[in-house]
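Peer 1: I am attaching a structure below and will ask some questions about it afterwards.
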2 protein chains.
Amino acid sequence: MIFTTKAEYGVRLLVELGRHGAEQGEAAGAGAVLSLKAIAAAEGLPLAYLERIVALLKKADLVESTRGAHGGYRLKRDPATISMDEVIVALEGAVAPMTCFVDDTDSPRVLCSHESDSGHGCATKLLWMRVQGGVMEKLSQTTLAELVAFATRETAPVRGAAHTGAPLTIAAG
Amino acid sequence: MIFTTKAEYGVRLLVELGRHGAEQGEAAGAGAVLSLKAIAAAEGLPLAYLERIVALLKKADLVESTRGAHGGYRLKRDPATISMDEVIVALEGAVAPMTCFVDDTDSPRVLCSHESDSGHGCATKLLWMRVQGGVMEKLSQTTLAELVAFATRETAPVRGAAHTGAPLTIAAG
DNA sequence: CCATCTCCGACCTCGCTGGTAGGATTGAAG
DNA sequence: CTTCAATCCTACCAGCGAGGTCGGAGATGG
């Protein structure tokens with residue numbers, strides 16, 4: 001499995017924020033505040049667990065919070081400017097294909113513990129690099145706005161029409 | 001982490017088989033038989049664990065075995081015709097980005113357990129599909145022969161700035 | 001003051017990864 | 001025909017991280 005539920009829940013949380021943020025049309029695409037309780041209820045996710053997840057998003061400056069009664073969370077930037085690589089890194093840490101991979105974001109170095117094992121380096125390094133590249137590419141190409149649009153389309157194919165259970169056709173096959 | 005050590009060790013095993021298979025120049029690119037003991041020693045991997053891993057490769061018809069004294073393993077096909085997606089699937093099972101993803105290789109269906117949770121489907125599905133696509137793409141584009149060449153080149157740096165073949169642009173060190 | 005919400009850290013359970021142990025079976029060499 | 005080296009097979013185990021819970025402390029509007 002590539003991602004854990006941290007990524008899953010975190011992204012769904014952001015999408016929920018994006019969906020309800022659009023309704024307001026406030027300044028800088030930030031949107032309305034949503035309480036975690038509301039999100040947890042809407043998505044059917046454990047509240048206590050979500051708290052820990054949203055903390056990661058806040059630390060990454062993707063989300064900002066308002067404390068106290070009627071508080072909650074809102075996106076800090078416009079959904080169209082939030083790419084998933086940021087999000088996933090915030091939630092999961094770096095995406096490494098293998099335990100021996102430590103990708104320093106500063107320098108493009110890739111460390112492999114087996115490096116000097118037996119004369120020749122890891123044969124697998126080339127493969128893991130490509131895979132990681134493929135993942136990061138897809139992540140950075142996908143924005144939160146896209147996911148919001150995708151989710152909203154499924155709920156309400158036509159704007160304003162509440163709809164149940166739409167046919168889900170992914171653009172793959 | 002995307003892959004476990006099963007993939008790592010399995011690929012290294014295949015590469016080792018490919019490296020020594022080329023020396024022989026036997027029929028149909030099969031190569032010589034190598035004992036697991038030799039491979040384990042060469043790569044510094046636990047023998048007993050390798051046994052279980054190579055069993056997966058054998059079940060997937062990527063490798064064939066000779067029992068008894070002086071027995072061992074050899075590639076069943078030419079390294080150039082073995083793509084990594086086969087290998088990884090054999091070793092890790094299917095590569096799914098998320099637990100709720102079950103990709104039936106026959107029908108291009110993608111199941112998501114959260115499908116009917118709350119009216120709208122997983123917003124994350126689009127993202128996971130893309131990521132999985134990226135991974136599978138990279139895997140299927142990489143052949144065992146490439147990895148063998150990559151590994152061999154590191155051991156014995158063959159002269160020639162223009163190494164014929166794939167873009168081996170590893171940004172290391 | 002009180003309900004509501006964010007914030008924070010400790011705690012727990014469970015399944016899987018990574019690895020070991022011990023043996024049975026096969027087959028070539030002496 | 002014994003012996004040794006190899007594949008094969010099943011069971012077992014320790015550690016760890018994922019996934020989630022609990023309880024409480026600090027803000028804040030009504």
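Numbering starts fresh at 1 for the residues of each chain in the structure tokens, the chains themselves are lettered A, B, ... in the order given, and ligands are numbered from 1 as they appear.
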Only residues of chain D matter here; which ones have an atom within 6 Å of chain B, counting only C-alpha atoms (C1' of nucleotides)? Give them as a list of chain:residue names.
Peer 2: D:DA5, D:DA6, D:DT7
Peer 1: Once DSSP has gone over the backbone, tell me which residues of segment 50-152 of chain B are in helix (DSSP H, G or I), as a ChimeraX atom specification.
Peer 2: /B:50-59,79-81,84-92,125-141,144-152
Peer 1: In Å to one decimal, how far is atom C1' of DG15 of chain C from atom C1' of DA14 of chain D?
Peer 2: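 That distance, rounded to one decimal, is 13.3 Å.
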Peer 1: Determine, counting only C-alpha atoms (C1' of nucleotides), which protein, DNA and RNA residues have an atom within 12 Å of an atom of DC13 of chain D; residues of the same chain fewer than 5 positions away are not included. Present the result as a ChimeraX atom specification.
Peer 2: /C:17-21
Peer 1: Quick check: residues of chain C within 7 Å of chain B, only C-alpha atoms (C1' of nucleotides), returned as a ChimeraX atom specification.
Peer 2: /C:19,26-28
Peer 1: What does the file look like for those residues with N, CA and C atoms (P, O5', C5', C4', C3', O3' and C1' of nucleotides), as a tab-separated table (two decimals), in the first residue's frame?
Peer 2:
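again-v7.tsv, written as the output of this step:
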```tsv
chain	number	residue	atom	x	y	z
C	19	DG	P	15.02	-8.80	7.08
C	19	DG	O5'	15.09	-10.19	7.84
C	19	DG	C5'	14.98	-10.11	9.27
C	19	DG	C4'	14.63	-11.47	9.80
C	19	DG	C3'	15.46	-12.62	9.23
C	19	DG	O3'	16.46	-12.97	10.18
C	19	DG	C1'	13.19	-13.19	9.73
C	26	DT	P	10.74	-36.40	-3.98
C	26	DT	O5'	12.01	-35.87	-4.78
C	26	DT	C5'	11.98	-34.54	-5.27
C	26	DT	C4'	13.39	-34.10	-5.61
C	26	DT	C3'	14.14	-35.02	-6.59
C	26	DT	O3'	14.46	-34.28	-7.74
C	26	DT	C1'	15.51	-34.36	-4.78
C	27	DG	P	14.67	-35.01	-9.17
C	27	DG	O5'	16.26	-35.06	-9.25
C	27	DG	C5'	16.98	-33.86	-9.16
C	27	DG	C4'	18.42	-34.12	-8.83
C	27	DG	C3'	19.07	-35.25	-9.63
C	27	DG	O3'	20.29	-34.78	-10.14
C	27	DG	C1'	19.55	-35.48	-7.36
C	28	DA	P	20.74	-35.21	-11.64
C	28	DA	O5'	22.32	-35.02	-11.58
C	28	DA	C5'	22.86	-33.75	-11.25
C	28	DA	C4'	24.04	-33.91	-10.29
C	28	DA	C3'	25.18	-34.78	-10.84
C	28	DA	O3'	26.40	-34.10	-10.63
C	28	DA	C1'	24.52	-35.52	-8.68
```
Peer 1: Name the residues in contact with DC12 of chain C at a cut-off of 12 Å, using only C-alpha atoms (C1' of nucleotides), excluding same-chain residues fewer than 4 positions from it; report them as a ChimeraX atom specification.
Peer 2: /D:19-22
Peer 1: List the spatial neighbours of Leu147 of chain A as a list in words - criterion: any atom at most 8 Å away, only C-alpha atoms (C1' of nucleotides), same-chain residues fewer than 5 positions off excluded.
Peer 2: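 In the requested form, the answer reads Val15 and Thr142 of chain A; Ala123, Thr124, Leu126 and Leu127 of chain B.
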